[in-house]
$ cat protein_23.cif   # mmCIF, C-alpha atoms and all ligand atoms
data_input
loop_
_atom_site.label_atom_id
_atom_site.label_comp_id
_atom_site.auth_asym_id
_atom_site.auth_seq_id
_atom_site.Cartn_x
_atom_site.Cartn_y
_atom_site.Cartn_z
CA MET A 1 -122.79 28.04 -18.26
CA GLY A 2 -125.08 26.71 -20.94
CA TYR A 3 -123.70 25.79 -24.34
CA SER A 4 -120.32 24.23 -25.04
CA PHE A 5 -117.45 26.27 -26.51
CA GLU A 6 -118.03 25.15 -30.11
CA THR A 7 -121.72 26.02 -29.98
CA ARG A 8 -120.96 29.45 -28.49
CA CYS A 9 -118.46 30.15 -31.32
CA ILE A 10 -121.36 29.80 -33.73
CA HIS A 11 -124.38 31.06 -31.81
CA GLY A 12 -122.95 33.28 -29.12
CA GLU A 13 -123.86 32.96 -25.46
CA ASP A 14 -127.61 32.68 -25.74
CA HIS A 15 -128.47 31.92 -29.36
CA ARG A 16 -130.27 35.26 -29.39
CA VAL A 17 -131.93 36.42 -32.60
CA VAL A 18 -130.47 39.87 -33.14
CA ASP A 19 -132.94 41.54 -35.50
CA GLU A 20 -136.65 41.71 -36.14
CA TYR A 21 -136.38 39.77 -39.44
CA ARG A 22 -134.88 36.78 -37.60
CA ALA A 23 -131.75 36.73 -39.79
CA ILE A 24 -129.43 33.77 -39.15
CA SER A 25 -126.29 35.84 -39.73
CA THR A 26 -125.98 38.91 -37.48
CA PRO A 27 -126.93 41.92 -39.63
CA ILE A 28 -124.29 44.58 -40.34
CA TYR A 29 -125.77 47.69 -38.73
CA GLN A 30 -123.90 50.14 -40.92
CA THR A 31 -125.19 53.24 -39.20
CA SER A 32 -123.43 55.96 -37.25
CA SER A 33 -126.47 56.91 -35.19
CA PHE A 34 -129.81 55.63 -33.81
CA SER A 35 -133.03 57.65 -33.51
CA HIS A 36 -134.38 58.85 -30.17
CA ILE A 37 -138.08 59.04 -29.33
CA LYS A 38 -137.65 61.83 -26.80
CA PRO A 39 -134.71 63.46 -24.98
CA GLY A 40 -132.76 60.81 -23.12
CA HIS A 41 -134.83 57.94 -24.54
CA ASN A 42 -134.12 55.57 -27.36
CA LEU A 43 -136.02 52.38 -28.08
CA SER A 44 -133.07 50.19 -28.95
CA GLY A 45 -130.52 50.99 -26.24
CA PHE A 46 -128.13 52.29 -28.89
CA ASP A 47 -127.23 55.96 -29.47
CA TYR A 48 -124.10 56.34 -31.53
CA SER A 49 -121.87 53.65 -33.06
CA ARG A 50 -118.59 54.92 -31.61
CA GLU A 51 -120.02 53.95 -28.23
CA SER A 52 -122.05 50.88 -29.17
CA ASN A 53 -123.61 49.17 -32.16
CA PRO A 54 -125.77 46.00 -32.32
CA THR A 55 -123.38 44.13 -34.66
CA ARG A 56 -120.48 44.91 -32.33
CA ALA A 57 -122.52 44.13 -29.22
CA HIS A 58 -123.27 40.60 -30.46
CA LEU A 59 -119.60 39.95 -31.28
CA GLU A 60 -118.50 41.34 -27.90
CA GLU A 61 -120.96 39.15 -26.02
CA THR A 62 -119.69 36.10 -27.87
CA MET A 63 -116.03 36.92 -27.19
CA ALA A 64 -116.75 37.63 -23.50
CA SER A 65 -118.45 34.26 -23.29
CA LEU A 66 -115.55 32.43 -24.98
CA GLU A 67 -112.99 34.06 -22.66
CA ASN A 68 -115.16 33.49 -19.54
CA ALA A 69 -115.10 37.27 -19.00
CA ALA A 70 -117.62 39.71 -17.55
CA ASP A 71 -117.31 41.93 -20.61
CA CYS A 72 -115.35 42.38 -23.82
CA VAL A 73 -114.83 45.44 -26.01
CA ALA A 74 -114.01 45.07 -29.71
CA PHE A 75 -111.37 47.53 -30.92
CA ALA A 76 -110.17 48.69 -34.34
CA SER A 77 -106.97 46.63 -33.95
CA GLY A 78 -105.06 44.59 -31.42
CA MET A 79 -102.86 47.63 -30.85
CA ALA A 80 -105.93 49.80 -30.17
CA ALA A 81 -107.04 47.27 -27.52
CA ILE A 82 -103.56 47.24 -25.94
CA THR A 83 -103.39 51.06 -25.98
CA ALA A 84 -106.79 51.23 -24.26
CA CYS A 85 -105.48 48.78 -21.67
CA PHE A 86 -102.57 51.12 -20.82
CA GLU A 87 -105.11 53.94 -20.36
CA LEU A 88 -106.26 52.17 -17.19
CA PHE A 89 -103.03 53.34 -15.51
CA SER A 90 -101.74 56.74 -14.36
CA PRO A 91 -98.41 58.57 -14.66
CA GLY A 92 -95.89 57.08 -12.23
CA ASP A 93 -97.47 53.62 -12.25
CA HIS A 94 -95.08 50.75 -12.88
CA ILE A 95 -95.99 47.98 -15.35
CA LEU A 96 -93.90 44.81 -15.44
CA MET A 97 -93.92 43.16 -18.87
CA SER A 98 -92.50 39.94 -20.27
CA ASP A 99 -89.41 40.62 -22.37
CA ASP A 100 -90.37 38.65 -25.48
CA LEU A 101 -93.35 40.50 -26.94
CA TYR A 102 -94.82 41.48 -30.29
CA GLY A 103 -92.57 44.33 -31.52
CA GLY A 104 -95.50 46.72 -31.93
CA VAL A 105 -96.11 46.57 -28.18
CA VAL A 106 -92.47 47.44 -27.51
CA ARG A 107 -92.84 50.37 -29.95
CA LEU A 108 -96.01 51.50 -28.13
CA VAL A 109 -94.21 51.43 -24.78
CA HIS A 110 -91.13 53.37 -25.93
CA ASN A 111 -92.93 55.94 -28.08
CA ILE A 112 -96.19 56.58 -26.25
CA GLU A 113 -96.59 54.99 -22.81
CA GLU A 114 -93.25 56.13 -21.37
CA LYS A 115 -93.98 59.65 -22.68
CA ASN A 116 -97.32 59.40 -20.82
CA GLY A 117 -95.43 58.77 -17.57
CA LEU A 118 -95.75 55.00 -17.16
CA LYS A 119 -92.65 53.24 -15.84
CA ILE A 120 -92.21 50.02 -17.74
CA THR A 121 -89.74 47.20 -17.11
CA PHE A 122 -89.27 44.13 -19.29
CA THR A 123 -88.25 40.83 -17.74
CA ASP A 124 -88.24 37.08 -18.20
CA ALA A 125 -91.79 36.06 -17.24
CA SER A 126 -90.99 32.35 -17.39
CA ASP A 127 -88.91 32.77 -14.19
CA ALA A 128 -91.30 33.21 -11.24
CA ASP A 129 -88.58 34.12 -8.69
CA ASN A 130 -87.34 36.80 -11.03
CA LEU A 131 -90.89 38.18 -11.37
CA LYS A 132 -91.33 38.39 -7.61
CA ASN A 133 -88.07 40.34 -7.29
CA MET A 134 -89.12 42.78 -9.99
CA MET A 135 -92.44 43.77 -8.38
CA THR A 136 -92.31 47.17 -6.64
CA PRO A 137 -94.86 49.00 -4.46
CA LYS A 138 -95.74 51.02 -7.59
CA THR A 139 -96.33 47.98 -9.79
CA LYS A 140 -99.92 48.13 -11.00
CA ALA A 141 -99.85 45.37 -13.60
CA LEU A 142 -98.00 42.31 -14.82
CA TYR A 143 -98.38 41.89 -18.60
CA VAL A 144 -97.38 38.71 -20.44
CA GLU A 145 -97.64 36.99 -23.81
CA SER A 146 -97.57 33.21 -23.49
CA PRO A 147 -96.38 31.58 -25.70
CA SER A 148 -94.41 34.70 -26.54
CA ASN A 149 -93.73 36.18 -29.94
CA PRO A 150 -91.43 35.02 -31.55
CA MET A 151 -89.35 32.90 -29.13
CA MET A 152 -92.28 30.88 -27.71
CA HIS A 153 -91.36 31.39 -24.05
CA VAL A 154 -94.00 29.97 -21.75
CA ALA A 155 -95.03 31.62 -18.49
CA ASP A 156 -96.67 29.85 -15.56
CA LEU A 157 -99.87 31.88 -15.68
CA LYS A 158 -101.29 30.71 -12.34
CA GLU A 159 -98.05 31.67 -10.63
CA CYS A 160 -97.92 35.01 -12.50
CA GLY A 161 -101.49 35.76 -11.39
CA ARG A 162 -100.65 34.91 -7.79
CA ILE A 163 -97.54 37.13 -7.81
CA ALA A 164 -99.45 40.02 -9.39
CA HIS A 165 -102.38 39.76 -7.00
CA GLU A 166 -100.17 39.48 -3.92
CA ALA A 167 -98.64 42.79 -4.98
CA GLY A 168 -102.09 44.31 -5.58
CA ALA A 169 -101.47 44.46 -9.33
CA LEU A 170 -103.60 43.40 -12.29
CA PHE A 171 -102.60 40.39 -14.34
CA ILE A 172 -102.89 40.97 -18.11
CA VAL A 173 -102.43 38.25 -20.74
CA ASP A 174 -102.18 38.57 -24.52
CA ASN A 175 -103.85 35.34 -25.67
CA THR A 176 -103.41 35.91 -29.42
CA PHE A 177 -101.24 32.84 -30.10
CA LEU A 178 -103.52 30.21 -28.56
CA SER A 179 -106.99 31.81 -28.82
CA PRO A 180 -109.68 30.96 -26.26
CA TYR A 181 -110.12 27.60 -27.95
CA PHE A 182 -106.78 26.38 -26.59
CA MET A 183 -106.49 28.53 -23.44
CA THR A 184 -108.72 30.74 -21.29
CA PRO A 185 -106.32 32.82 -19.15
CA MET A 186 -109.14 34.06 -16.91
CA ASP A 187 -109.51 30.51 -15.58
CA LEU A 188 -105.83 30.78 -14.57
CA GLY A 189 -106.10 34.13 -12.78
CA ALA A 190 -105.91 36.79 -15.52
CA ASP A 191 -107.88 39.99 -14.93
CA ILE A 192 -107.62 41.24 -18.52
CA VAL A 193 -107.21 39.20 -21.70
CA LEU A 194 -106.09 40.88 -24.92
CA HIS A 195 -106.25 39.69 -28.51
CA SER A 196 -105.10 40.74 -31.86
CA GLY A 197 -108.39 39.60 -33.39
CA SER A 198 -106.69 40.08 -36.77
CA LYS A 199 -105.14 36.62 -36.20
CA PHE A 200 -106.86 33.34 -35.26
CA ILE A 201 -110.14 34.96 -34.17
CA SER A 202 -110.94 36.44 -37.59
CA GLY A 203 -108.79 33.75 -39.11
CA HIS A 204 -108.75 34.61 -42.82
CA ASN A 205 -106.03 37.26 -43.18
CA ASP A 206 -108.71 39.76 -44.18
CA THR A 207 -109.61 41.77 -41.06
CA ILE A 208 -107.86 44.01 -38.54
CA CYS A 209 -109.45 44.02 -35.08
CA GLY A 210 -108.67 43.62 -31.38
CA PHE A 211 -110.37 42.59 -28.14
CA LEU A 212 -110.03 43.51 -24.49
CA SER A 213 -111.91 41.20 -22.10
CA SER A 214 -112.25 42.03 -18.40
CA LYS A 215 -113.08 39.77 -15.50
CA ASP A 216 -114.14 42.50 -13.08
CA PRO A 217 -117.26 44.52 -14.05
CA GLU A 218 -115.70 47.64 -12.49
CA ILE A 219 -112.65 47.39 -14.79
CA ALA A 220 -115.00 46.64 -17.67
CA LYS A 221 -116.83 49.90 -16.96
CA LYS A 222 -113.54 51.84 -17.11
CA VAL A 223 -112.62 50.15 -20.40
CA ARG A 224 -116.02 51.10 -21.88
CA LEU A 225 -115.44 54.72 -20.83
CA ILE A 226 -111.97 54.65 -22.44
CA SER A 227 -113.18 53.07 -25.69
CA LYS A 228 -116.12 55.46 -26.05
CA THR A 229 -113.96 58.48 -25.22
CA VAL A 230 -110.92 57.59 -27.31
CA GLY A 231 -113.12 56.26 -30.12
CA SER A 232 -111.05 53.26 -31.17
CA THR A 233 -113.95 50.80 -31.37
CA LEU A 234 -114.49 48.38 -34.24
CA GLY A 235 -116.68 49.22 -37.27
CA ALA A 236 -119.77 47.12 -38.03
CA LEU A 237 -118.41 45.44 -41.17
CA GLU A 238 -115.24 44.29 -39.40
CA CYS A 239 -117.37 43.07 -36.49
CA TRP A 240 -119.32 40.91 -38.90
CA LEU A 241 -116.11 39.54 -40.47
CA ALA A 242 -114.68 38.73 -37.03
CA GLU A 243 -117.93 37.03 -36.03
CA ARG A 244 -117.94 34.97 -39.20
CA GLY A 245 -114.35 33.94 -38.44
CA LEU A 246 -115.29 32.95 -34.89
CA LYS A 247 -117.94 30.53 -36.15
CA THR A 248 -115.18 28.17 -37.36
CA LEU A 249 -112.53 28.91 -34.71
CA HIS A 250 -112.74 25.46 -33.09
CA VAL A 251 -112.48 23.60 -36.41
CA ARG A 252 -109.67 25.79 -37.74
CA MET A 253 -107.57 25.60 -34.56
CA GLU A 254 -107.55 21.80 -34.64
CA ARG A 255 -106.31 21.69 -38.25
CA HIS A 256 -103.83 24.55 -37.68
CA GLN A 257 -102.32 22.51 -34.86
CA GLU A 258 -102.29 19.22 -36.77
CA ASN A 259 -100.41 20.88 -39.64
CA ALA A 260 -98.01 22.66 -37.29
CA CYS A 261 -97.12 19.44 -35.44
CA ALA A 262 -96.26 17.74 -38.75
CA ILE A 263 -94.14 20.68 -39.95
CA ALA A 264 -92.29 21.05 -36.63
CA GLU A 265 -91.46 17.34 -36.66
CA TRP A 266 -90.23 17.58 -40.23
CA LEU A 267 -88.15 20.71 -39.54
CA LYS A 268 -86.40 18.86 -36.71
CA THR A 269 -85.11 16.29 -39.22
CA ARG A 270 -83.50 18.87 -41.57
CA THR A 271 -79.75 19.40 -41.30
CA TRP A 272 -80.13 23.09 -42.23
CA VAL A 273 -82.39 23.72 -39.24
CA LYS A 274 -80.49 24.44 -36.04
CA LYS A 275 -83.36 25.02 -33.60
CA VAL A 276 -87.15 24.61 -33.67
CA PHE A 277 -89.33 26.57 -31.25
CA TYR A 278 -92.82 25.03 -31.13
CA VAL A 279 -94.68 24.53 -27.87
CA GLY A 280 -96.38 21.43 -29.30
CA ASP A 281 -92.97 19.74 -29.53
CA PRO A 282 -92.62 17.49 -26.45
CA GLU A 283 -88.97 18.61 -26.23
CA HIS A 284 -89.92 22.31 -25.94
CA PRO A 285 -89.15 23.44 -22.35
CA GLY A 286 -92.65 24.94 -22.01
CA HIS A 287 -94.54 21.99 -23.54
CA ASN A 288 -95.82 20.49 -20.30
CA LYS A 289 -96.80 23.87 -18.89
CA VAL A 290 -98.83 24.72 -22.02
CA LYS A 291 -100.50 21.31 -21.77
CA GLU A 292 -101.34 21.87 -18.11
CA GLN A 293 -102.64 25.41 -18.69
CA GLY A 294 -104.79 24.75 -21.72
CA ARG A 295 -106.12 22.42 -24.33
CA GLY A 296 -103.61 22.70 -27.18
CA PHE A 297 -100.51 24.28 -28.68
CA GLY A 298 -101.55 26.33 -31.69
CA SER A 299 -99.65 26.68 -34.94
CA MET A 300 -96.89 29.23 -34.40
CA ILE A 301 -93.40 27.88 -35.08
CA SER A 302 -90.12 29.77 -35.06
CA PHE A 303 -87.00 28.09 -36.35
CA GLU A 304 -83.36 29.01 -36.75
CA THR A 305 -81.56 28.08 -39.95
CA ASP A 306 -77.82 27.40 -40.22
CA THR A 307 -76.99 30.65 -42.04
CA LYS A 308 -78.50 34.04 -42.79
CA GLU A 309 -78.24 33.23 -46.51
CA ARG A 310 -80.39 30.11 -45.95
CA ALA A 311 -83.06 32.12 -44.16
CA LEU A 312 -83.13 34.73 -46.93
CA ALA A 313 -83.23 32.04 -49.64
CA ILE A 314 -86.27 30.40 -48.03
CA LEU A 315 -88.07 33.74 -47.85
CA GLN A 316 -87.27 34.41 -51.47
CA ASN A 317 -88.06 30.97 -52.88
CA VAL A 318 -91.23 29.84 -51.13
CA LYS A 319 -94.10 29.80 -53.60
CA LEU A 320 -97.18 28.52 -51.78
CA ILE A 321 -96.17 29.87 -48.39
CA THR A 322 -96.32 33.67 -48.43
CA PHE A 323 -93.52 35.88 -47.15
CA ALA A 324 -95.65 38.29 -45.12
CA GLU A 325 -96.21 39.58 -41.60
CA SER A 326 -99.16 38.51 -39.48
CA LEU A 327 -100.41 35.11 -38.42
CA GLY A 328 -103.39 32.97 -37.56
CA GLY A 329 -105.07 32.90 -40.98
CA THR A 330 -106.02 30.18 -43.42
CA GLU A 331 -102.94 30.94 -45.55
CA THR A 332 -99.51 29.90 -44.26
CA LEU A 333 -97.25 32.94 -43.78
CA ILE A 334 -93.54 33.11 -43.12
CA THR A 335 -91.86 36.15 -41.63
CA TYR A 336 -88.43 37.43 -40.67
CA PRO A 337 -88.86 38.80 -37.12
CA ASP A 338 -85.45 40.51 -37.03
CA VAL A 339 -86.41 43.10 -39.65
CA GLN A 340 -90.21 42.79 -39.76
CA THR A 341 -92.37 42.17 -36.67
CA HIS A 342 -89.53 42.97 -34.25
CA ALA A 343 -87.71 45.71 -36.16
CA ASP A 344 -88.41 48.22 -33.38
CA VAL A 345 -87.07 46.02 -30.58
CA PRO A 346 -83.64 47.32 -29.42
CA GLN A 347 -80.74 45.25 -30.83
CA SER A 348 -79.43 44.37 -27.35
CA VAL A 349 -82.83 42.88 -26.44
CA LYS A 350 -83.00 40.94 -29.71
CA ASP A 351 -79.48 39.60 -29.09
CA ALA A 352 -80.40 38.50 -25.58
CA LEU A 353 -83.59 36.78 -26.76
CA GLY A 354 -82.05 35.08 -29.79
CA ILE A 355 -83.96 37.06 -32.44
CA ASN A 356 -81.23 36.94 -35.07
CA ASP A 357 -80.85 37.05 -38.85
CA ARG A 358 -81.26 33.26 -39.09
CA LEU A 359 -84.62 33.15 -37.33
CA LEU A 360 -87.83 32.64 -39.31
CA ARG A 361 -91.39 32.50 -37.96
CA LEU A 362 -94.09 30.37 -39.56
CA SER A 363 -97.80 30.79 -39.03
CA VAL A 364 -99.01 27.41 -40.23
CA GLY A 365 -102.29 27.67 -42.12
CA LEU A 366 -104.87 25.22 -43.31
CA GLU A 367 -103.44 24.03 -46.64
CA ASN A 368 -102.60 20.37 -47.18
CA VAL A 369 -99.51 19.88 -45.03
CA LYS A 370 -97.73 17.84 -47.73
CA ASP A 371 -97.89 20.85 -50.04
CA LEU A 372 -96.45 23.08 -47.33
CA ILE A 373 -93.53 20.75 -46.58
CA GLU A 374 -92.82 20.34 -50.30
CA ASP A 375 -92.75 24.12 -50.66
CA LEU A 376 -90.20 24.51 -47.86
CA GLU A 377 -88.10 21.64 -49.19
CA ARG A 378 -88.18 23.10 -52.70
CA SER A 379 -87.25 26.59 -51.47
CA VAL A 380 -84.10 25.15 -49.91
CA SER A 381 -83.14 22.98 -52.89
CA ILE A 382 -83.56 25.89 -55.35
CA ALA A 383 -81.08 27.87 -53.27
CA GLU A 384 -78.64 24.95 -53.22
CA SER A 385 -78.81 24.22 -56.97
C1 LIG A 401 -99.21 38.76 -30.00
C2 LIG A 401 -99.72 40.00 -30.68
N1 LIG A 401 -100.41 40.91 -29.96
C3 LIG A 401 -100.89 42.03 -30.53
C4 LIG A 401 -100.67 42.32 -31.87
C5 LIG A 401 -101.21 43.59 -32.46
O1 LIG A 401 -102.41 43.33 -33.14
P1 LIG A 401 -102.91 44.12 -34.45
O2 LIG A 401 -101.94 43.85 -35.55
O3 LIG A 401 -104.28 43.54 -34.68
O4 LIG A 401 -102.96 45.56 -34.09
C6 LIG A 401 -99.97 41.41 -32.65
C7 LIG A 401 -99.73 41.68 -34.08
O5 LIG A 401 -99.03 40.97 -34.76
C8 LIG A 401 -99.48 40.21 -32.04
O6 LIG A 401 -98.76 39.30 -32.74
#
$ encode --input "protein_23.cif" --output "structure tokens" --more "lines below"
Ligand SMILES: Cc1ncc(COP(=O)(O)O)c(C=O)c1O
Amino acid sequence: MGYSFETRCIHGEDHRVVDEYRAISTPIYQTSSFSHIKPGHNLSGFDYSRESNPTRAHLEETMASLENAADCVAFASGMAAITACFELFSPGDHILMSDDLYGGVVRLVHNIEEKNGLKITFTDASDADNLKNMMTPKTKALYVESPSNPMMHVADLKECGRIAHEAGALFIVDNTFLSPYFMTPMDLGADIVLHSGSKFISGHNDTICGFLSSKDPEIAKKVRLISKTVGSTLGALECWLAERGLKTLHVRMERHQENACAIAEWLKTRTWVKKVFYVGDPEHPGHNKVKEQGRGFGSMISFETDTKERALAILQNVKLITFAESLGGTETLITYPDVQTHADVPQSVKDALGINDRLLRLSVGLENVKDLIEDLERSVSIAES
């Protein structure tokens, strides 16, 4: 491998000049089609943008390089990438998934994938013995988010990979929360790495996109067939926005984490906070595992307040922090998983996981951390006055 991670965020794998005018920024090839010189021959290697497009190709090469993958496909959303991933399997196949997942994935499973004949079981992926017991001869994949959304459970990815491979199954990791800057799951045994690129990768709360990276060129070929056939690939403008976001990924992730550490520490000192879930907190049960598996902790914090009224008052009274779904952008967002991101998760599952009406999730952005803490403090004191 040539350039370091930071350099590849900016220049891609090979610092290749993409167009004939030697533009520094990858041009946005806003075209549906490319001309042919004779049947079966084009000069550029591109035919039709649903299948491939030069702006997308450059972004995909960069993402594949950052995830240490053989190939990466850019999709119209994280959910489109995850849906394409499920298309690798056939009716009757069993997929074992971690039980604490982004609610949209749970919705996808219950509304689409089960209808398509996949057998899906959810389980605690942080318990390796439990995982082993849940594998069946029909299990074709183990799918985990780590740290998970929103409870920040941490899985031992090397162990998960070993268990999956021993059973002849693929190991799939959603790496949205840490980004390849803090963790590269393929180095730990993952076969497929998924991203909601709408989060830290794009990084500015202005783009919806997703990525599916594959380690094995044969799987990559299947994913390319699926993406071209289903047609859920990413448009050129969004590719450019995602690529622009990537150029600062390494710088943003450091500041995101610095701010999150300060806020988590502060939250732990508040009497109205009952629990703080942040993997960067040395007291978090998964802290050492995250440290061992990667290079940092990210900026996602969930915390439980003392009462439902307190949680609602914070949501209503924050001024700088925005009450909105999503995460990973420059702006700090606060959300209420129970009725927003995880609304479609069955109540019994939410109860078991601890997703209750006192739980808030913060995506810590890049503002001055003093301003963020003051905003939270003020939101609580307004409610008390
Ligand atoms: C961990 C995780 N994976 C996947 C997704 C889906 O991504 P998108 O919203 O880009 O479709 C989300 C969305 O919040 C997420 O948090």
$ atom_distance --input "protein_23.cif" --atom1 "CA of Thr176 (chain A)" --atom2 "CA of His195 (chain A)"
4.8 Å
$ closest_residue --input "protein_23.cif" --among "A:Ala80, A:Ile219, A:Ile120, A:Ile24" --to "Gly104 (chain A)" --atoms "only C-alpha atoms"
A:Ala80
$ residues_around --input "protein_23.cif" --residues "region 53-69 of chain A" --least-positions-apart "3" --cutoff "8 Å" --atoms "only C-alpha atoms" --output "PyMOL selection string"
chain A and resi 5+8-9+11-13+18+26-29+46+48-50+72-74+180-181+184-187+193+213-216+234-236+239-240+242-243
$ residues_near_ligand --input "protein_23.cif" --ligand "ligand LIG 401 (chain A)" --cutoff "6 Å" --atoms "all atoms listed in the file" --output "PDB file with C-alpha atoms, in the frame of the given file"
ATOM      1  CA  SER A  77    -106.970  46.630 -33.950  1.00  0.00           C
ATOM      2  CA  GLY A  78    -105.060  44.590 -31.420  1.00  0.00           C
ATOM      3  CA  MET A  79    -102.860  47.630 -30.850  1.00  0.00           C
ATOM      4  CA  TYR A 102     -94.820  41.480 -30.290  1.00  0.00           C
ATOM      5  CA  THR A 176    -103.410  35.910 -29.420  1.00  0.00           C
ATOM      6  CA  SER A 196    -105.100  40.740 -31.860  1.00  0.00           C
ATOM      7  CA  GLY A 197    -108.390  39.600 -33.390  1.00  0.00           C
ATOM      8  CA  SER A 198    -106.690  40.080 -36.770  1.00  0.00           C
ATOM      9  CA  ILE A 208    -107.860  44.010 -38.540  1.00  0.00           C
ATOM     10  CA  CYS A 209    -109.450  44.020 -35.080  1.00  0.00           C
ATOM     11  CA  GLY A 210    -108.670  43.620 -31.380  1.00  0.00           C
ATOM     12  CA  SER A 326     -99.160  38.510 -39.480  1.00  0.00           C
TER      13      SER A 326
END
$ residues_around --input "protein_23.cif" --residues "Gly296 (chain A)" --least-positions-apart "3" --cutoff "10 Å" --atoms "only C-alpha atoms" --output "PyMOL selection string"
chain A and resi 178-179+181-183+253-254+257+279-280+287+290-293+299
$ closest_residue --input "protein_23.cif" --among "A:Asn205, A:Leu353, A:Glu367, A:Arg22" --to "Ala324 (chain A)" --atoms "only C-alpha atoms"
A:Asn205
$ closest_residue --input "protein_23.cif" --among "A:Ile355, A:Leu170, A:Ala76, A:Val276" --to "Glu238 (chain A)" --atoms "all atoms listed in the file"
A:Ala76
$ atom_distance --input "protein_23.cif" --atom1 "CA of Arg16 (chain A)" --atom2 "CA of Asp191 (chain A)"
27.1 Å
$ atom_distance --input "protein_23.cif" --atom1 "CA of Asp281 (chain A)" --atom2 "CA of Gly328 (chain A)"
18.7 Å
$ closest_residue --input "protein_23.cif" --among "A:Gly354, A:Pro137, A:Pro337, A:Gly203" --to "Ala167 (chain A)" --atoms "all atoms listed in the file"
A:Pro137
$ residues_around --input "protein_23.cif" --residues "Ile10 (chain A)" --least-positions-apart "3" --cutoff "7 Å" --atoms "only C-alpha atoms" --output "ChimeraX atom specification"
/A:6-7,246-247
$ closest_residue --input "protein_23.cif" --among "A:Leu237, A:Gly298, A:Asp99, A:Ile172" --to "Gln30 (chain A)" --atoms "only C-alpha atoms"
A:Leu237
$ axis_aligned_box --input "protein_23.cif" --around "region 331-339 of chain A" --padding-each-side "3 Å" --output "JSON"
{"center_x": -94.2, "center_y": 36.5, "center_z": -41.3, "size_x": 23.5, "size_y": 19.2, "size_z": 14.5}
$ closest_residue --input "protein_23.cif" --among "A:Asn356, A:Thr335, A:Asn259, A:Thr233" --to "Ile373 (chain A)" --atoms "all atoms listed in the file"
A:Asn259
$ build_atoms --input "protein_23.cif" --residues "region 80-92 of chain A" --atoms "N, CA and C atoms" --output "mmCIF file, keeping the file's coordinate frame"
data_model
loop_
_atom_site.group_PDB
_atom_site.id
_atom_site.type_symbol
_atom_site.label_atom_id
_atom_site.label_comp_id
_atom_site.auth_asym_id
_atom_site.auth_seq_id
_atom_site.Cartn_x
_atom_site.Cartn_y
_atom_site.Cartn_z
ATOM 1 N N ALA A 80 -104.964 48.872 -30.789
ATOM 2 C CA ALA A 80 -105.930 49.800 -30.170
ATOM 3 C C ALA A 80 -106.404 49.219 -28.833
ATOM 4 N N ALA A 81 -106.610 47.905 -28.774
ATOM 5 C CA ALA A 81 -107.040 47.270 -27.520
ATOM 6 C C ALA A 81 -105.937 47.394 -26.458
ATOM 7 N N ILE A 82 -104.683 47.177 -26.884
ATOM 8 C CA ILE A 82 -103.560 47.240 -25.940
ATOM 9 C C ILE A 82 -103.365 48.684 -25.450
ATOM 10 N N THR A 83 -103.508 49.639 -26.362
ATOM 11 C CA THR A 83 -103.390 51.060 -25.980
ATOM 12 C C THR A 83 -104.475 51.425 -24.973
ATOM 13 N N ALA A 84 -105.689 50.951 -25.208
ATOM 14 C CA ALA A 84 -106.790 51.230 -24.260
ATOM 15 C C ALA A 84 -106.467 50.612 -22.899
ATOM 16 N N CYS A 85 -105.842 49.459 -22.915
ATOM 17 C CA CYS A 85 -105.480 48.780 -21.670
ATOM 18 C C CYS A 85 -104.511 49.656 -20.847
ATOM 19 N N PHE A 86 -103.524 50.245 -21.530
ATOM 20 C CA PHE A 86 -102.570 51.120 -20.820
ATOM 21 C C PHE A 86 -103.269 52.354 -20.246
ATOM 22 N N GLU A 87 -104.382 52.763 -20.866
ATOM 23 C CA GLU A 87 -105.110 53.940 -20.360
ATOM 24 C C GLU A 87 -105.723 53.703 -18.981
ATOM 25 N N LEU A 88 -105.739 52.457 -18.541
ATOM 26 C CA LEU A 88 -106.260 52.170 -17.190
ATOM 27 C C LEU A 88 -105.303 52.677 -16.111
ATOM 28 N N PHE A 89 -104.057 52.996 -16.512
ATOM 29 C CA PHE A 89 -103.030 53.340 -15.510
ATOM 30 C C PHE A 89 -102.709 54.837 -15.545
ATOM 31 N N SER A 90 -102.008 55.293 -14.517
ATOM 32 C CA SER A 90 -101.740 56.740 -14.360
ATOM 33 C C SER A 90 -100.232 56.980 -14.368
ATOM 34 N N PRO A 91 -99.835 58.239 -14.673
ATOM 35 C CA PRO A 91 -98.410 58.570 -14.660
ATOM 36 C C PRO A 91 -97.770 58.155 -13.329
ATOM 37 N N GLY A 92 -96.588 57.537 -13.435
ATOM 38 C CA GLY A 92 -95.890 57.080 -12.230
ATOM 39 C C GLY A 92 -96.138 55.604 -11.938
#
